Every structure is written in structure tokens, then in C-alpha cells.
Number of protein chains: 2
Amino acid sequence: MSREPEAGFELHPRLARDTVFIADWPLCRVLLMDDARFPWLILVPRRAGMRELDDLDDDERALLMQEIQAAMKALRTVAACDKLNVGVLGNIVRQLHVHVVARRVGDAAWPGPVWGQGEALRYTPAQRQSLATQLRSGTGS
Amino acid sequence: MSREPEAGFELHPRLARDTVFIADWPLCRVLLMDDARFPWLILVPRRAGMRELDDLDDDERALLMQEIQAAMKALRTVAACDKLNVGVLGNIVRQLHVHVVARRVGDAAWPGPVWGQGEALRYTPAQRQSLATQLRSGTGS
């Protein structure tokens with residue numbers, strides 16, 4: 001890896017506000033979106049100044065693909081789902097981040113995308129703690 | 001590659017209807033979405049029965065990441081853009097496909113996602129042909 005991991009990396013305040021920390025994987029910080037409507041992980045590469053997928057180097061991008069796959073697997077362990085949605089948008093929060101969302105037929109945004117749909121429904125503290133614990137045990141942290 | 005490429009692959013009729021063929025890359029069929037509101041490519045791995053990213057094998061997934069990057073580059077050659085959006089949804093069309101969309105501040109869906117936003121505005125035949133030609137020359141087909 002040519003870059004020093006994490007040098008200058010800071011999580012965008014909006015991502016920090018809307019999520020719960022789950023784990024640091026080799027490339028990404030793994031966050032649970034605090035929205036009980038959708039089991040939803042966010043992967044944030046711990047590299048400063050990244051906005052687009054191709055700001056990462058080849059090794060980092062390969063690692064990101066592996067971590068997306070790991071996030072899909074982790075979501076399946078905690079939630080029944082009919083489809084997984086993966087998205088790299090960044091129109092609002094420019095820091096590069098990847099959404100991995102477990103979708104169910106008939107969920108609050110089905111069959112549309114989850115982004116920009118209504119207001120987040122926060123987990124209760126007990127729900128949040130339980131889900132975070134399950135995800136942490138499933139993600140090796 | 002353990003699987004025979006393209007064995008049994010057929011493009012979903014809805015993807016065929018909504019797009020223009022651009023090229024076949026090593027893994028994916030590259031399609032231009034026929035929607036003049038957004039410069040938008042769709043990559044469809046030419047493998048039968050794929051629905052989720054992790055239905056692909058490791059080599060295919062690595063190749064897909066390279067082709068996503070190539071699609072981003074191709075879009076930048078034909079359109080000014082402020083952000084690229086990449087999405088794997090498949091809630092409606094289950095055949096695995098990846099959206100790569102050039103976004104501009106103030107475009108018809110900004111800053112929301114493009115999926116499910118209003119009706120497609122078809123290119124005129126002249127616009128469609130011109131853009132497809134530019135994309136084909138830029139994508140090595």
C-alpha cells in the first residue's frame with residue numbers, strides 16, 4: 001500500500017451523527033446507519049481526501065470490493081432480506097462512502113432506493129445495542 | 001475463469017428496451033441508458049443467473065471493479081460532471097447490473113438518486129447516435 005493508512009482521515013460529521021461505529025476493517029470504517037427501517041451498513045475508506053471510487057488506488061479498490069462482500073454477508077446474518085443494494089453516491093456528503101443496504105419486498109421505500117426517502121426512524125437504545133453487538137461479532141471486531 | 005463466459009446469458013428485456021448497446025467488455029455488456037437527463041451507463045455481467053455482487057466469483061468481481069472504473073472514465077470523456085454515482089440495486093430488474101451515472105449539481109434529480117425519479121427523457125436519434133459513437137470510441141469497441 002503506497003499511502004500511509006489513515007493519515008489525515010477524519011469521518012465526516014454527518015456520517016458520524018447518523019451512524020453507530022461497528023468496526024475498523026483493513027480499509028474501511030464500518031458504520032451502522034441509525035435507521036430502523038433498513039438494515040444498512042456504510043463503509044468509509046480510512047483515507048483522507050477520497051471522493052470517487054477511482055481516487056482509491058488499485059489495491060485499495062480491490063480491498064473495498066472484498067469489504068463490500070463482507071458487509072453483504074454480515075447483513076444477511078442479522079436480517080432477512082430479498083435483495084441487497086449497494087450504492088456510492090456522495091452527492092450530499094462528498095467523503096467517499098459505500099452504502100450496503102438489506103432490502104425486503106414491501107419495506108418503507110420498496111422498490112425504490114432508500115436514499116432521500118422520508119426521515120430516518122432511529123433504533124431504540126436496546127435495539128441499537130443488540131444489532132451492533134450482533135454485527136460486531138459477525139464482522140470479527 | 002471457471003465459468004464459460006456468456007453461457008446462457010440473455011439481457012433482461014427491460015434493460016434491452018431502455019438502453020442502447022455500446023460494447024461488450026471482458027465481463028460486462030455496456031449499455032447507455034436512453035435518458036437524456038443523465039449521462040448513464042449500465043454494466044451487465046454476461047453471466048447467466050447472477051443477481052447479487054457475490055454471485056460473481058472473485059476474479060469476476062475484480063474485473064467488474066475495473067470495468068466500473070472504465071465506465072466512470074468513459075462518462076467523464078463525454079459529459080461534464082460534478083459527481084459520479086454507482087449503484088447496484090436490482091429491486092425491479094433482478095438481473096445483476098451496475099449503474100454508473102454522471103451527476104451535475106442542479107440536474108433533474110440533484111442531490112437525490114436518479115432511480116425512480118420521474119420519466120426518462122429519450123435522446124433524439126441524432127443525440128443518441130452521437131453519444132453512442134463517442135462512447136464506443138472511448139471504450140475501445
# chains A, B, ... in the order shown; residues from 1 in each chain; ligands from 1
>>> residues_around(residues="Leu64 in chain A", least_positions_apart="3", cutoff="12 Å", atoms="only C-alpha atoms", output="PyMOL selection string")
(chain A and resi 25-30+42-47+53-54+56-61+67-71+88+96-99) or (chain B and resi 61-62+65)
>>> select_by_dssp(residues="chain B", states="helix (DSSP H, G or I)", output="PyMOL selection string")
chain B and resi 13-18+53-55+58-78+125-138
>>> closest_atom_pairs(of="chain A", to="chain B", cutoff="6 Å", atoms="only C-alpha atoms", output="tab-separated table")
residue	atom	partner	partner_atom	distance
A:Asn85	CA	B:Leu89	CA	4.6
A:Val86	CA	B:Val88	CA	5.0
A:Gly87	CA	B:Gly87	CA	4.2
A:Val88	CA	B:Val86	CA	5.0
A:Leu89	CA	B:Asn85	CA	4.6
A:Asn91	CA	B:Pro111	CA	5.5
A:Pro111	CA	B:Asn91	CA	5.5
>>> write_last_selection(atoms="N, CA and C atoms", output="compact mmCIF listing (two decimals), in the first residue's frame")
# COMPACT_ATOMS: atom_id res chain seq x y z
N ASN A 85 -28.78 -3.84 -1.72
CA ASN A 85 -28.49 -2.68 -2.57
C ASN A 85 -27.13 -2.11 -2.16
N VAL A 86 -26.33 -1.79 -3.14
CA VAL A 86 -25.01 -1.21 -2.90
C VAL A 86 -24.96 0.11 -3.66
N GLY A 87 -24.54 1.16 -3.01
CA GLY A 87 -24.52 2.44 -3.69
C GLY A 87 -23.37 3.32 -3.24
N VAL A 88 -22.77 4.00 -4.22
CA VAL A 88 -21.76 5.01 -3.94
C VAL A 88 -22.32 6.29 -4.55
N LEU A 89 -22.85 7.17 -3.72
CA LEU A 89 -23.48 8.38 -4.24
C LEU A 89 -22.63 9.60 -3.91
N ASN A 91 -23.52 12.67 -3.24
CA ASN A 91 -23.98 13.95 -3.75
C ASN A 91 -24.09 14.97 -2.62
N PRO A 111 -40.20 -0.47 -4.23
CA PRO A 111 -38.92 -0.98 -4.74
C PRO A 111 -37.94 0.13 -5.08
>>> residues_around(residues="Arg128 in chain A", least_positions_apart="3", cutoff="9 Å", atoms="only C-alpha atoms", output="ChimeraX atom specification")
/A:20,32,34,36,122-125,131-133
>>> write_last_selection(atoms="N, CA, C and O atoms", output="compact mmCIF listing (two decimals), in the first residue's frame")
# COMPACT_ATOMS: atom_id res chain seq x y z
N VAL A 20 -23.68 4.42 13.88
CA VAL A 20 -23.05 3.82 15.06
C VAL A 20 -21.79 3.09 14.59
O VAL A 20 -21.84 2.36 13.60
N LEU A 32 -23.02 1.41 11.23
CA LEU A 32 -24.43 1.03 11.09
C LEU A 32 -25.25 2.30 10.99
O LEU A 32 -25.18 3.17 11.87
N ASP A 34 -28.20 4.53 11.60
CA ASP A 34 -29.17 4.51 12.71
C ASP A 34 -30.57 4.77 12.14
O ASP A 34 -31.15 5.83 12.37
N ALA A 36 -33.96 2.35 11.68
CA ALA A 36 -34.55 1.02 11.91
C ALA A 36 -35.39 0.54 10.74
O ALA A 36 -35.80 -0.62 10.70
N ARG A 122 -35.01 6.25 14.15
CA ARG A 122 -33.89 5.82 14.99
C ARG A 122 -34.22 4.51 15.72
O ARG A 122 -35.36 4.30 16.12
N TYR A 123 -33.21 3.67 15.88
CA TYR A 123 -33.37 2.48 16.71
C TYR A 123 -33.57 2.92 18.16
O TYR A 123 -33.07 3.97 18.58
N THR A 124 -34.27 2.12 18.95
CA THR A 124 -34.24 2.34 20.39
C THR A 124 -32.83 1.96 20.88
O THR A 124 -32.13 1.19 20.21
N PRO A 125 -32.43 2.50 22.04
CA PRO A 125 -31.09 2.14 22.54
C PRO A 125 -30.90 0.63 22.64
O PRO A 125 -29.83 0.11 22.28
N LEU A 131 -28.24 -4.92 17.87
CA LEU A 131 -27.83 -5.09 16.48
C LEU A 131 -26.33 -4.83 16.31
O LEU A 131 -25.63 -5.58 15.62
N ALA A 132 -25.84 -3.80 16.97
CA ALA A 132 -24.41 -3.50 16.88
C ALA A 132 -23.58 -4.66 17.42
O ALA A 132 -22.56 -5.05 16.84
N THR A 133 -24.04 -5.25 18.51
CA THR A 133 -23.31 -6.39 19.09
C THR A 133 -23.30 -7.56 18.13
O THR A 133 -22.27 -8.20 17.91
>>> select_by_dssp(residues="chain A", states="strand (DSSP E or B)", output="ChimeraX atom specification")
/A:19-24,28-33,40-45,83-88,98-103
>>> atom_distance(atom1="CA of Ala74 in chain A", atom2="CA of Pro39 in chain A")
10.3 Å
>>> atom_distance(atom1="CA of Asp24 in chain B", atom2="CA of Leu41 in chain B")
12.6 Å
>>> atom_distance(atom1="CA of Ile22 in chain B", atom2="CA of Gly106 in chain B")
27.1 Å
>>> residues_around(residues="Arg37 in chain B", least_positions_apart="6", cutoff="9 Å", atoms="only C-alpha atoms", output="PyMOL selection string")
chain B and resi 107-109+120-123
>>> write_last_selection(atoms="C-alpha atoms", output="PDB file, in the first residue's frame")
ATOM      1  CA  ASP B 107     -29.644  18.090 -12.608  1.00  0.00           C
ATOM      2  CA  ALA B 108     -33.186  16.699 -12.699  1.00  0.00           C
ATOM      3  CA  ALA B 109     -32.768  14.626  -9.535  1.00  0.00           C
ATOM      4  CA  ALA B 120     -36.941   9.074 -18.813  1.00  0.00           C
ATOM      5  CA  LEU B 121     -36.470  11.757 -21.456  1.00  0.00           C
ATOM      6  CA  ARG B 122     -35.382   9.851 -24.547  1.00  0.00           C
ATOM      7  CA  TYR B 123     -32.490  11.157 -26.616  1.00  0.00           C
TER       8      TYR B 123
END
>>> decode(residues="range 84-135 of chain B", atoms="C-alpha atoms", output="PDB file, in the first residue's frame")
ATOM      1  CA  LEU B  84     -20.322  10.010 -10.300  1.00  0.00           C
ATOM      2  CA  ASN B  85     -22.913   7.743  -8.743  1.00  0.00           C
ATOM      3  CA  VAL B  86     -22.515   3.975  -8.792  1.00  0.00           C
ATOM      4  CA  GLY B  87     -25.359   1.710  -7.781  1.00  0.00           C
ATOM      5  CA  VAL B  88     -26.261  -1.943  -7.701  1.00  0.00           C
ATOM      6  CA  LEU B  89     -29.958  -2.103  -6.875  1.00  0.00           C
ATOM      7  CA  GLY B  90     -31.913  -4.717  -8.801  1.00  0.00           C
ATOM      8  CA  ASN B  91     -35.121  -4.326  -6.810  1.00  0.00           C
ATOM      9  CA  ILE B  92     -37.134  -4.259 -10.030  1.00  0.00           C
ATOM     10  CA  VAL B  93     -34.905  -5.914 -12.635  1.00  0.00           C
ATOM     11  CA  ARG B  94     -33.238  -8.763 -10.765  1.00  0.00           C
ATOM     12  CA  GLN B  95     -30.546  -9.498 -13.352  1.00  0.00           C
ATOM     13  CA  LEU B  96     -27.289  -8.196 -11.846  1.00  0.00           C
ATOM     14  CA  HIS B  97     -26.437  -4.812 -13.327  1.00  0.00           C
ATOM     15  CA  VAL B  98     -24.433  -1.812 -12.195  1.00  0.00           C
ATOM     16  CA  HIS B  99     -25.458   1.775 -12.794  1.00  0.00           C
ATOM     17  CA  VAL B 100     -22.738   4.369 -13.367  1.00  0.00           C
ATOM     18  CA  VAL B 101     -24.247   7.834 -13.632  1.00  0.00           C
ATOM     19  CA  ALA B 102     -22.680  11.240 -14.225  1.00  0.00           C
ATOM     20  CA  ARG B 103     -24.321  13.816 -11.998  1.00  0.00           C
ATOM     21  CA  ARG B 104     -24.309  17.585 -12.155  1.00  0.00           C
ATOM     22  CA  VAL B 105     -25.293  19.985  -9.420  1.00  0.00           C
ATOM     23  CA  GLY B 106     -28.846  21.035 -10.306  1.00  0.00           C
ATOM     24  CA  ASP B 107     -29.644  18.090 -12.608  1.00  0.00           C
ATOM     25  CA  ALA B 108     -33.186  16.699 -12.699  1.00  0.00           C
ATOM     26  CA  ALA B 109     -32.768  14.626  -9.535  1.00  0.00           C
ATOM     27  CA  TRP B 110     -29.998  16.505  -7.699  1.00  0.00           C
ATOM     28  CA  PRO B 111     -28.983  15.821  -4.955  1.00  0.00           C
ATOM     29  CA  GLY B 112     -31.190  12.725  -4.762  1.00  0.00           C
ATOM     30  CA  PRO B 113     -30.563   9.456  -6.549  1.00  0.00           C
ATOM     31  CA  VAL B 114     -31.642   9.074 -10.182  1.00  0.00           C
ATOM     32  CA  TRP B 115     -33.527   5.824  -9.693  1.00  0.00           C
ATOM     33  CA  GLY B 116     -37.285   6.110  -9.684  1.00  0.00           C
ATOM     34  CA  GLN B 117     -37.219   9.860 -10.400  1.00  0.00           C
ATOM     35  CA  GLY B 118     -39.774  10.886 -12.987  1.00  0.00           C
ATOM     36  CA  GLU B 119     -39.900   9.658 -16.548  1.00  0.00           C
ATOM     37  CA  ALA B 120     -36.941   9.074 -18.813  1.00  0.00           C
ATOM     38  CA  LEU B 121     -36.470  11.757 -21.456  1.00  0.00           C
ATOM     39  CA  ARG B 122     -35.382   9.851 -24.547  1.00  0.00           C
ATOM     40  CA  TYR B 123     -32.490  11.157 -26.616  1.00  0.00           C
ATOM     41  CA  THR B 124     -33.313  12.299 -30.138  1.00  0.00           C
ATOM     42  CA  PRO B 125     -31.967   9.827 -32.723  1.00  0.00           C
ATOM     43  CA  ALA B 126     -29.172  12.268 -33.602  1.00  0.00           C
ATOM     44  CA  GLN B 127     -28.191  12.807 -29.949  1.00  0.00           C
ATOM     45  CA  ARG B 128     -28.309   9.091 -29.274  1.00  0.00           C
ATOM     46  CA  GLN B 129     -26.151   8.221 -32.236  1.00  0.00           C
ATOM     47  CA  SER B 130     -23.615  10.940 -31.488  1.00  0.00           C
ATOM     48  CA  LEU B 131     -23.253   9.970 -27.840  1.00  0.00           C
ATOM     49  CA  ALA B 132     -23.095   6.252 -28.581  1.00  0.00           C
ATOM     50  CA  THR B 133     -20.386   6.880 -31.181  1.00  0.00           C
ATOM     51  CA  GLN B 134     -18.344   8.949 -28.731  1.00  0.00           C
ATOM     52  CA  LEU B 135     -18.721   6.304 -26.046  1.00  0.00           C
TER      53      LEU B 135
END
